[in-house]
$ cat protein38.txt   # compact mmCIF, C-alpha atoms
# COMPACT_ATOMS: atom_id res chain seq x y z
CA MET A 2 21.60 -29.25 54.13
CA ALA A 3 21.36 -31.68 51.20
CA VAL A 4 21.43 -30.45 47.62
CA GLY A 5 17.97 -29.20 46.61
CA GLU A 6 16.72 -29.15 50.20
CA ARG A 7 15.27 -25.87 51.42
CA ALA A 8 15.59 -24.43 54.90
CA GLN A 9 12.46 -24.50 57.05
CA PHE A 10 10.49 -21.31 56.55
CA ALA A 11 11.21 -18.63 59.10
CA ALA A 12 9.24 -15.86 57.40
CA VAL A 13 6.49 -15.14 54.91
CA PHE A 14 6.89 -11.96 52.86
CA LEU A 15 3.82 -10.67 51.06
CA ASP A 16 3.32 -8.09 48.35
CA PHE A 17 0.55 -5.63 49.19
CA GLY A 18 -1.42 -4.36 46.16
CA GLY A 19 -3.00 -7.21 44.20
CA THR A 20 -2.05 -9.67 46.93
CA LEU A 21 -3.48 -8.58 50.29
CA PHE A 22 -6.17 -6.70 48.39
CA SER A 23 -7.56 -6.88 44.86
CA TYR A 24 -7.35 -3.99 42.39
CA ARG A 25 -10.80 -4.93 41.13
CA GLY A 26 -12.50 -2.87 43.81
CA MET A 27 -10.89 0.28 42.45
CA SER A 28 -12.13 0.02 38.87
CA ALA A 29 -15.08 2.37 39.41
CA GLY A 30 -12.85 4.92 41.12
CA THR A 31 -10.34 4.74 38.27
CA ARG A 32 -13.09 5.40 35.74
CA ASP A 33 -14.15 8.44 37.76
CA LEU A 34 -10.56 9.73 37.77
CA ILE A 35 -10.28 9.30 34.00
CA ALA A 36 -13.54 11.22 33.49
CA GLU A 37 -12.49 14.04 35.83
CA ALA A 38 -9.05 14.29 34.23
CA ALA A 39 -10.68 14.63 30.81
CA ARG A 40 -13.03 17.29 32.14
CA ARG A 41 -10.09 19.28 33.52
CA MET A 42 -8.44 19.05 30.10
CA GLY A 43 -11.59 20.27 28.37
CA ILE A 44 -12.14 16.92 26.66
CA ALA A 45 -15.67 15.63 26.15
CA GLY A 46 -16.48 11.96 25.75
CA GLU A 47 -17.65 8.83 27.48
CA VAL A 48 -15.21 7.06 29.80
CA ARG A 49 -15.33 3.94 27.65
CA GLU A 50 -14.04 6.05 24.74
CA LEU A 51 -11.18 7.43 26.86
CA THR A 52 -10.11 4.18 28.49
CA PRO A 53 -7.98 2.87 25.57
CA SER A 54 -5.96 6.11 25.62
CA TYR A 55 -5.49 5.83 29.36
CA ARG A 56 -4.43 2.19 29.07
CA ARG A 57 -1.83 3.05 26.42
CA ALA A 58 -0.56 5.90 28.59
CA SER A 59 -0.22 3.64 31.61
CA GLN A 60 1.59 0.95 29.63
CA GLY A 61 3.91 3.55 28.12
CA ALA A 62 4.79 4.91 31.56
CA TYR A 63 5.57 1.43 32.87
CA ARG A 64 7.77 0.72 29.87
CA ALA A 65 9.65 4.00 30.30
CA ILE A 66 9.99 4.02 34.10
CA GLY A 67 9.05 0.58 35.43
CA GLY A 68 12.19 -1.04 34.02
CA ARG A 69 14.45 0.94 36.33
CA PRO A 70 15.83 -0.71 39.49
CA TYR A 71 14.19 2.11 41.48
CA TYR A 72 11.50 4.70 40.83
CA LEU A 73 8.84 6.51 42.81
CA TYR A 74 5.21 5.80 42.11
CA ARG A 75 4.43 9.50 42.11
CA GLU A 76 6.87 9.71 39.21
CA LEU A 77 5.16 6.83 37.43
CA PHE A 78 1.70 8.32 37.87
CA SER A 79 2.86 11.77 36.76
CA ASP A 80 4.23 10.27 33.56
CA THR A 81 1.00 8.33 33.03
CA TYR A 82 -1.01 11.54 33.15
CA ARG A 83 1.34 13.37 30.78
CA ARG A 84 1.03 10.55 28.28
CA PHE A 85 -2.75 10.39 28.72
CA ALA A 86 -3.09 14.12 28.05
CA ARG A 87 -0.93 13.90 24.94
CA GLU A 88 -2.91 10.89 23.73
CA LEU A 89 -5.91 13.24 23.81
CA GLY A 90 -4.01 16.02 22.04
CA VAL A 91 -3.62 18.23 25.13
CA GLU A 92 -0.40 19.59 26.62
CA PRO A 93 -0.44 18.68 30.33
CA HIS A 94 -0.26 21.43 32.97
CA GLN A 95 1.60 20.93 36.24
CA ASP A 96 -1.37 21.85 38.44
CA VAL A 97 -3.46 19.10 36.86
CA ILE A 98 -0.56 16.64 37.13
CA ASP A 99 -0.32 17.46 40.86
CA TRP A 100 -4.08 16.93 41.21
CA TRP A 101 -3.84 13.60 39.38
CA VAL A 102 -1.05 12.27 41.61
CA ALA A 103 -2.89 13.30 44.79
CA ALA A 104 -6.22 11.91 43.54
CA GLN A 105 -4.58 8.61 42.58
CA ARG A 106 -3.09 8.32 46.07
CA GLU A 107 -6.43 9.14 47.69
CA LEU A 108 -8.19 6.54 45.57
CA VAL A 109 -5.77 3.75 46.46
CA THR A 110 -5.31 4.54 50.15
CA GLY A 111 -8.97 5.30 50.77
CA SER A 112 -10.84 2.63 48.82
CA PHE A 113 -8.83 -0.59 49.04
CA GLU A 114 -10.36 -3.51 50.95
CA LEU A 115 -8.35 -6.46 52.23
CA ARG A 116 -9.23 -9.89 50.88
CA ASP A 117 -11.70 -11.65 53.14
CA ASP A 118 -9.15 -14.24 54.27
CA CYS A 119 -6.26 -11.80 54.69
CA ILE A 120 -6.48 -11.12 58.44
CA PRO A 121 -7.18 -14.76 59.43
CA THR A 122 -4.29 -15.96 57.26
CA LEU A 123 -1.79 -13.45 58.62
CA ARG A 124 -2.84 -14.30 62.17
CA ALA A 125 -2.51 -18.04 61.51
CA LEU A 126 0.97 -17.58 60.02
CA ARG A 127 2.07 -15.68 63.12
CA GLU A 128 0.61 -18.37 65.36
CA ARG A 129 2.86 -20.86 63.56
CA GLY A 130 5.90 -18.87 64.63
CA LEU A 131 6.58 -17.25 61.26
CA ARG A 132 7.68 -13.67 60.82
CA VAL A 133 5.09 -11.97 58.62
CA CYS A 134 6.19 -8.97 56.56
CA VAL A 135 4.94 -6.83 53.69
CA VAL A 136 7.32 -5.93 50.85
CA SER A 137 5.73 -3.45 48.47
CA ASN A 138 6.64 -1.42 45.39
CA ILE A 139 4.97 1.68 46.69
CA ASP A 140 5.86 5.09 48.09
CA ASP A 141 5.87 5.71 51.84
CA ASP A 142 2.89 8.08 51.66
CA TYR A 143 0.86 5.16 50.33
CA LEU A 144 2.10 2.26 52.40
CA GLN A 145 2.09 3.75 55.90
CA PRO A 146 -1.50 5.05 55.81
CA MET A 147 -2.69 1.83 54.21
CA ILE A 148 -1.09 -0.27 56.95
CA GLU A 149 -2.78 1.94 59.54
CA ARG A 150 -6.19 2.00 57.83
CA ALA A 151 -6.24 -1.79 57.49
CA GLY A 152 -5.15 -2.33 61.10
CA LEU A 153 -2.20 -4.46 59.99
CA GLY A 154 0.39 -2.97 62.33
CA GLU A 155 -0.23 -5.53 65.06
CA LEU A 156 -0.19 -8.46 62.64
CA LEU A 157 3.01 -7.61 60.75
CA HIS A 158 6.51 -7.91 62.14
CA ALA A 159 7.80 -5.38 59.59
CA TRP A 160 7.01 -3.74 56.28
CA THR A 161 9.32 -2.43 53.60
CA SER A 162 8.47 0.05 50.86
CA SER A 163 10.42 0.51 47.67
CA GLU A 164 10.98 4.14 48.72
CA GLU A 165 12.58 3.03 51.98
CA ALA A 166 14.76 0.48 50.18
CA GLY A 167 15.62 2.71 47.22
CA SER A 168 14.80 -0.37 45.17
CA CYS A 169 11.75 -1.74 43.34
CA LYS A 170 10.98 -5.42 42.82
CA PRO A 171 12.43 -7.33 41.00
CA ASP A 172 15.64 -5.51 41.99
CA ALA A 173 17.44 -7.54 44.66
CA ARG A 174 18.07 -4.77 47.18
CA ILE A 175 14.50 -4.55 48.48
CA TYR A 176 14.45 -8.31 49.21
CA HIS A 177 17.77 -8.14 51.06
CA LEU A 178 16.59 -5.23 53.21
CA ALA A 179 13.40 -7.09 54.09
CA CYS A 180 15.49 -10.10 55.14
CA GLU A 181 17.65 -7.91 57.37
CA LYS A 182 14.55 -6.54 59.08
CA ALA A 183 13.09 -10.04 59.51
CA LYS A 184 16.45 -11.44 60.71
CA CYS A 185 16.39 -14.35 58.29
CA THR A 186 18.08 -15.57 55.13
CA ALA A 187 16.44 -15.53 51.71
CA ALA A 188 16.35 -19.33 51.70
CA GLN A 189 14.09 -19.21 54.79
CA VAL A 190 11.46 -17.00 53.11
CA LEU A 191 8.24 -17.83 51.31
CA PHE A 192 7.49 -14.82 49.09
CA VAL A 193 3.87 -14.30 48.03
CA GLY A 194 2.78 -11.97 45.24
CA ASP A 195 0.50 -11.52 42.25
CA SER A 196 3.11 -10.43 39.68
CA PRO A 197 5.28 -13.05 37.95
CA GLU A 198 7.46 -10.24 36.52
CA GLN A 199 8.05 -8.32 39.74
CA ASP A 200 7.31 -10.44 42.81
CA VAL A 201 8.21 -13.90 41.58
CA ALA A 202 11.15 -13.09 39.31
CA GLY A 203 12.86 -10.97 41.94
CA ALA A 204 12.30 -13.44 44.76
CA ASN A 205 13.55 -16.28 42.56
CA GLY A 206 16.69 -14.29 41.89
CA VAL A 207 17.66 -14.03 45.56
CA GLY A 208 16.82 -17.65 46.39
CA MET A 209 13.39 -17.40 48.02
CA THR A 210 10.58 -19.91 47.63
CA THR A 211 7.70 -18.27 45.77
CA ALA A 212 3.92 -18.48 45.69
CA LEU A 213 1.96 -16.73 42.94
CA LEU A 214 -1.56 -15.55 43.76
CA ARG A 215 -3.72 -15.77 40.65
CA GLU A 216 -7.03 -13.96 40.32
CA ASP A 217 -9.18 -14.59 37.27
CA GLY A 218 -9.57 -11.50 35.14
CA ALA A 219 -7.10 -9.42 37.16
CA ARG A 220 -3.75 -8.30 35.73
CA PRO A 221 -1.09 -6.71 37.93
CA PRO A 222 0.18 -3.26 36.91
CA GLY A 223 2.97 -3.51 34.36
CA ASP A 224 2.00 -7.05 33.45
CA GLY A 225 3.73 -8.38 30.35
CA LEU A 226 6.57 -5.85 30.30
CA ARG A 227 9.30 -8.06 31.81
CA THR A 228 10.41 -11.67 31.77
CA PRO A 229 8.21 -13.54 34.27
CA GLY A 230 9.56 -15.76 37.00
CA ARG A 231 8.33 -19.28 37.61
CA ALA A 232 6.61 -19.74 40.94
CA ASP A 233 7.16 -22.77 43.15
CA HIS A 234 3.48 -22.68 44.13
CA GLU A 235 0.29 -21.18 42.74
CA ILE A 236 -2.67 -20.24 44.93
CA GLY A 237 -6.13 -18.78 44.43
CA ARG A 238 -6.63 -17.65 48.03
CA LEU A 239 -4.30 -16.47 50.76
CA GLY A 240 -5.53 -19.20 53.09
CA GLU A 241 -3.82 -21.78 50.87
CA LEU A 242 -0.47 -20.53 52.22
CA LEU A 243 -1.02 -22.47 55.44
CA ALA A 244 -0.71 -25.81 53.67
CA ILE A 245 2.51 -24.62 51.98
CA VAL A 246 4.25 -23.55 55.18
CA GLU A 247 3.18 -26.74 56.93
CA GLY A 248 4.78 -28.70 54.10

$ encode --input "protein38.txt" --output "structure tokens"
Amino acid sequence: MAVGERAQFAAVFLDFGGTLFSYRGMSAGTRDLIAEAARRMGIAGEVRELTPSYRRASQGAYRAIGGRPYYLYRELFSDTYRRFARELGVEPHQDVIDWWVAAQRELVTGSFELRDDCIPTLRALRERGLRVCVVSNIDDDYLQPMIERAGLGELLHAWTSSEEAGSCKPDARIYHLACEKAKCTAAQVLFVGDSPEQDVAGANGVGMTTALLREDGARPPGDGLRTPGRADHEIGRLGELLAIVEG
């Protein structure tokens, strides 16, 4: 292969949260969680008054935990709640932390909705002979039920969680495991995600071609806490991937 020439794509790897579905649809549910958490802590106040404290807590948890090569999301969400409680001047109790982690999981797994062009795009990629896989920074008790609820099992050749890999994007290990499962090299992969810091930077590092999905007004979790990668392509809809793979 000539210098600078890329292998023909054999696979398309896609991030899940923020890519196959938008986090925007969960904003109301998140506000409800914040309000209920405050109630359980004995804190009165409007959600809009509590949101800045929650945002600082979430950012603090990502700074403390999200920089590791591997972490569990239940650990990240537990730390977020502890920080949120302390922002409000309350010492967190374990029973409320356990409720928070379970409620967060229920919110995400039960309320997400795939983008309207997700299923047609995945089907079209398969029809073009590409191996279609999900690679997600998420715990197994999130990813498996979400795959099942969305009916993606028959459209995906494989899926890889950070818990399975013992590695979180942008750490290289999760990408290498996904390649092993897809039986391809990194140079044969188009990686699609919404996070320049996690999806793009990590995929760049192992030699994959990258496509960044941008959504106006939506910021991926942990945004701005790492050095971003530079994507080879930028898209506004998943359907635009078809033109990229067809070259």

$ closest_residue --input "protein38.txt" --among "A:Glu50, A:Pro197, A:Leu156, A:Ile66" --to "Glu128 of chain A" --atoms "only C-alpha atoms"
A:Leu156

$ atom_distance --input "protein38.txt" --atom1 "atom CA of Thr122 of chain A" --atom2 "atom CA of Gly154 of chain A"
14.7 Å

$ atom_distance --input "protein38.txt" --atom1 "atom CA of Ser112 of chain A" --atom2 "atom CA of Met27 of chain A"
6.8 Å

$ atom_distance --input "protein38.txt" --atom1 "atom CA of Val201 of chain A" --atom2 "atom CA of Arg127 of chain A"
22.5 Å

$ closest_residue --input "protein38.txt" --among "A:Val91, A:Ala38, A:Leu108, A:Ala125" --to "Ala244 of chain A" --atoms "only C-alpha atoms"
A:Ala125

$ closest_residue --input "protein38.txt" --among "A:Asp16, A:Asp80, A:Glu241, A:Glu155" --to "Gly194 of chain A" --atoms "all atoms listed in the file"
A:Asp16

$ closest_residue --input "protein38.txt" --among "A:Glu216, A:Asp140, A:Asp96, A:Glu88" --to "Cys169 of chain A" --atoms "all atoms listed in the file"
A:Asp140

$ closest_residue --input "protein38.txt" --among "A:Met42, A:Cys134, A:Leu243, A:Ala219" --to "Ala159 of chain A" --atoms "only C-alpha atoms"
A:Cys134

$ closest_residue --input "protein38.txt" --among "A:Pro70, A:Gly248, A:Pro229, A:Gly18" --to "Arg116 of chain A" --atoms "only C-alpha atoms"
A:Gly18

$ residues_near_point --input "protein38.txt" --point "(15.2, -11.1, 50.0)" --cutoff "10 Å" --atoms "only C-alpha atoms" --output "number ranges by chain"
A: 14, 136, 172-181, 183, 185-192, 203-209

$ residues_near_point --input "protein38.txt" --point "(4.9, -22.2, 38.2)" --cutoff "10 Å" --atoms "all atoms listed in the file" --output "ChimeraX atom specification"
/A:197,201,211-213,230-235

$ residues_around --input "protein38.txt" --residues "Met147 of chain A" --least-positions-apart "3" --cutoff "9 Å" --atoms "all atoms listed in the file" --output "JSON, numbers by chain"
{"A": [109, 110, 111, 113, 142, 143, 144, 150, 151, 152, 153]}

$ residues_around --input "protein38.txt" --residues "Ser54 of chain A" --least-positions-apart "4" --cutoff "8 Å" --atoms "all atoms listed in the file" --output "list of chain:residue names"
A:Ala58, A:Phe85, A:Glu88, A:Leu89

$ residues_around --input "protein38.txt" --residues "Gly19 of chain A" --least-positions-apart "5" --cutoff "9 Å" --atoms "all atoms listed in the file" --output "list in words"
Tyr24, Arg25, Gly194, Asp195, Ser196, Leu214, Glu216, Ala219, Arg220, Pro221 and Pro222 of chain A

$ residues_around --input "protein38.txt" --residues "Glu247 of chain A" --least-positions-apart "3" --cutoff "10 Å" --atoms "all atoms listed in the file" --output "list in words"
Gln9, Phe10, Leu126, Arg129, Leu242, Leu243 and Ala244 of chain A

$ build_atoms --input "protein38.txt" --residues "segment 212-245 of chain A" --atoms "N, CA and C atoms" --output "PDB file, keeping the file's coordinate frame"
ATOM      1  N   ALA A 212       5.308 -18.081  45.900  1.00  0.00           N
ATOM      2  CA  ALA A 212       3.920 -18.480  45.690  1.00  0.00           C
ATOM      3  C   ALA A 212       3.236 -17.357  44.909  1.00  0.00           C
ATOM      4  N   LEU A 213       2.642 -17.699  43.785  1.00  0.00           N
ATOM      5  CA  LEU A 213       1.960 -16.730  42.940  1.00  0.00           C
ATOM      6  C   LEU A 213       0.457 -16.789  43.193  1.00  0.00           C
ATOM      7  N   LEU A 214      -0.120 -15.653  43.576  1.00  0.00           N
ATOM      8  CA  LEU A 214      -1.560 -15.550  43.760  1.00  0.00           C
ATOM      9  C   LEU A 214      -2.206 -15.178  42.442  1.00  0.00           C
ATOM     10  N   ARG A 215      -3.034 -16.042  41.908  1.00  0.00           N
ATOM     11  CA  ARG A 215      -3.720 -15.770  40.650  1.00  0.00           C
ATOM     12  C   ARG A 215      -5.176 -15.426  40.907  1.00  0.00           C
ATOM     13  N   GLU A 216      -5.638 -14.379  40.224  1.00  0.00           N
ATOM     14  CA  GLU A 216      -7.030 -13.960  40.320  1.00  0.00           C
ATOM     15  C   GLU A 216      -7.585 -13.833  38.918  1.00  0.00           C
ATOM     16  N   ASP A 217      -8.614 -14.604  38.613  1.00  0.00           N
ATOM     17  CA  ASP A 217      -9.180 -14.590  37.270  1.00  0.00           C
ATOM     18  C   ASP A 217      -9.600 -13.183  36.863  1.00  0.00           C
ATOM     19  N   GLY A 218      -9.169 -12.783  35.677  1.00  0.00           N
ATOM     20  CA  GLY A 218      -9.570 -11.500  35.140  1.00  0.00           C
ATOM     21  C   GLY A 218      -8.828 -10.305  35.694  1.00  0.00           C
ATOM     22  N   ALA A 219      -7.858 -10.525  36.576  1.00  0.00           N
ATOM     23  CA  ALA A 219      -7.100  -9.420  37.160  1.00  0.00           C
ATOM     24  C   ALA A 219      -5.654  -9.483  36.693  1.00  0.00           C
ATOM     25  N   ARG A 220      -5.149  -8.366  36.175  1.00  0.00           N
ATOM     26  CA  ARG A 220      -3.750  -8.300  35.730  1.00  0.00           C
ATOM     27  C   ARG A 220      -3.012  -7.297  36.592  1.00  0.00           C
ATOM     28  N   PRO A 221      -1.854  -7.665  37.128  1.00  0.00           N
ATOM     29  CA  PRO A 221      -1.090  -6.710  37.930  1.00  0.00           C
ATOM     30  C   PRO A 221      -0.563  -5.575  37.082  1.00  0.00           C
ATOM     31  N   PRO A 222      -0.367  -4.391  37.671  1.00  0.00           N
ATOM     32  CA  PRO A 222       0.180  -3.260  36.910  1.00  0.00           C
ATOM     33  C   PRO A 222       1.525  -3.633  36.276  1.00  0.00           C
ATOM     34  N   GLY A 223       1.720  -3.208  35.042  1.00  0.00           N
ATOM     35  CA  GLY A 223       2.970  -3.510  34.360  1.00  0.00           C
ATOM     36  C   GLY A 223       3.074  -4.921  33.845  1.00  0.00           C
ATOM     37  N   ASP A 224       1.978  -5.656  33.876  1.00  0.00           N
ATOM     38  CA  ASP A 224       2.000  -7.050  33.450  1.00  0.00           C
ATOM     39  C   ASP A 224       2.423  -7.165  31.981  1.00  0.00           C
ATOM     40  N   GLY A 225       3.313  -8.109  31.710  1.00  0.00           N
ATOM     41  CA  GLY A 225       3.730  -8.380  30.350  1.00  0.00           C
ATOM     42  C   GLY A 225       4.894  -7.544  29.851  1.00  0.00           C
ATOM     43  N   LEU A 226       5.490  -6.739  30.726  1.00  0.00           N
ATOM     44  CA  LEU A 226       6.570  -5.850  30.300  1.00  0.00           C
ATOM     45  C   LEU A 226       7.958  -6.372  30.666  1.00  0.00           C
ATOM     46  N   ARG A 227       8.027  -7.476  31.409  1.00  0.00           N
ATOM     47  CA  ARG A 227       9.300  -8.060  31.810  1.00  0.00           C
ATOM     48  C   ARG A 227       9.246  -9.573  31.607  1.00  0.00           C
ATOM     49  N   THR A 228      10.372 -10.218  31.805  1.00  0.00           N
ATOM     50  CA  THR A 228      10.410 -11.670  31.770  1.00  0.00           C
ATOM     51  C   THR A 228       9.840 -12.209  33.081  1.00  0.00           C
ATOM     52  N   PRO A 229       8.812 -13.044  33.032  1.00  0.00           N
ATOM     53  CA  PRO A 229       8.210 -13.540  34.270  1.00  0.00           C
ATOM     54  C   PRO A 229       9.054 -14.603  34.950  1.00  0.00           C
ATOM     55  N   GLY A 230       8.944 -14.673  36.259  1.00  0.00           N
ATOM     56  CA  GLY A 230       9.560 -15.760  37.000  1.00  0.00           C
ATOM     57  C   GLY A 230       8.609 -16.941  37.063  1.00  0.00           C
ATOM     58  N   ARG A 231       9.157 -18.082  37.454  1.00  0.00           N
ATOM     59  CA  ARG A 231       8.330 -19.280  37.610  1.00  0.00           C
ATOM     60  C   ARG A 231       8.147 -19.560  39.089  1.00  0.00           C
ATOM     61  N   ALA A 232       6.897 -19.558  39.524  1.00  0.00           N
ATOM     62  CA  ALA A 232       6.610 -19.740  40.940  1.00  0.00           C
ATOM     63  C   ALA A 232       6.712 -21.201  41.356  1.00  0.00           C
ATOM     64  N   ASP A 233       7.122 -21.422  42.594  1.00  0.00           N
ATOM     65  CA  ASP A 233       7.160 -22.770  43.150  1.00  0.00           C
ATOM     66  C   ASP A 233       5.761 -23.278  43.476  1.00  0.00           C
ATOM     67  N   HIS A 234       4.861 -22.334  43.790  1.00  0.00           N
ATOM     68  CA  HIS A 234       3.480 -22.680  44.130  1.00  0.00           C
ATOM     69  C   HIS A 234       2.545 -21.662  43.482  1.00  0.00           C
ATOM     70  N   GLU A 235       1.333 -22.087  43.183  1.00  0.00           N
ATOM     71  CA  GLU A 235       0.290 -21.180  42.740  1.00  0.00           C
ATOM     72  C   GLU A 235      -0.916 -21.346  43.649  1.00  0.00           C
ATOM     73  N   ILE A 236      -1.517 -20.210  44.032  1.00  0.00           N
ATOM     74  CA  ILE A 236      -2.670 -20.240  44.930  1.00  0.00           C
ATOM     75  C   ILE A 236      -3.775 -19.347  44.380  1.00  0.00           C
ATOM     76  N   GLY A 237      -4.995 -19.618  44.811  1.00  0.00           N
ATOM     77  CA  GLY A 237      -6.130 -18.780  44.430  1.00  0.00           C
ATOM     78  C   GLY A 237      -6.652 -17.966  45.586  1.00  0.00           C
ATOM     79  N   ARG A 238      -6.229 -18.357  46.819  1.00  0.00           N
ATOM     80  CA  ARG A 238      -6.630 -17.650  48.030  1.00  0.00           C
ATOM     81  C   ARG A 238      -5.452 -17.619  48.994  1.00  0.00           C
ATOM     82  N   LEU A 239      -5.398 -16.580  49.808  1.00  0.00           N
ATOM     83  CA  LEU A 239      -4.300 -16.470  50.760  1.00  0.00           C
ATOM     84  C   LEU A 239      -4.288 -17.617  51.762  1.00  0.00           C
ATOM     85  N   GLY A 240      -5.458 -18.120  52.112  1.00  0.00           N
ATOM     86  CA  GLY A 240      -5.530 -19.200  53.090  1.00  0.00           C
ATOM     87  C   GLY A 240      -4.790 -20.455  52.657  1.00  0.00           C
ATOM     88  N   GLU A 241      -4.546 -20.616  51.359  1.00  0.00           N
ATOM     89  CA  GLU A 241      -3.820 -21.780  50.870  1.00  0.00           C
ATOM     90  C   GLU A 241      -2.342 -21.758  51.285  1.00  0.00           C
ATOM     91  N   LEU A 242      -1.859 -20.607  51.770  1.00  0.00           N
ATOM     92  CA  LEU A 242      -0.470 -20.530  52.220  1.00  0.00           C
ATOM     93  C   LEU A 242      -0.212 -21.433  53.427  1.00  0.00           C
ATOM     94  N   LEU A 243      -1.225 -21.677  54.225  1.00  0.00           N
ATOM     95  CA  LEU A 243      -1.020 -22.470  55.440  1.00  0.00           C
ATOM     96  C   LEU A 243      -0.564 -23.881  55.100  1.00  0.00           C
ATOM     97  N   ALA A 244      -1.126 -24.463  54.062  1.00  0.00           N
ATOM     98  CA  ALA A 244      -0.710 -25.810  53.670  1.00  0.00           C
ATOM     99  C   ALA A 244       0.725 -25.797  53.163  1.00  0.00           C
ATOM    100  N   ILE A 245       1.142 -24.711  52.512  1.00  0.00           N
ATOM    101  CA  ILE A 245       2.510 -24.620  51.980  1.00  0.00           C
ATOM    102  C   ILE A 245       3.513 -24.537  53.124  1.00  0.00           C
TER     103      ILE A 245
END
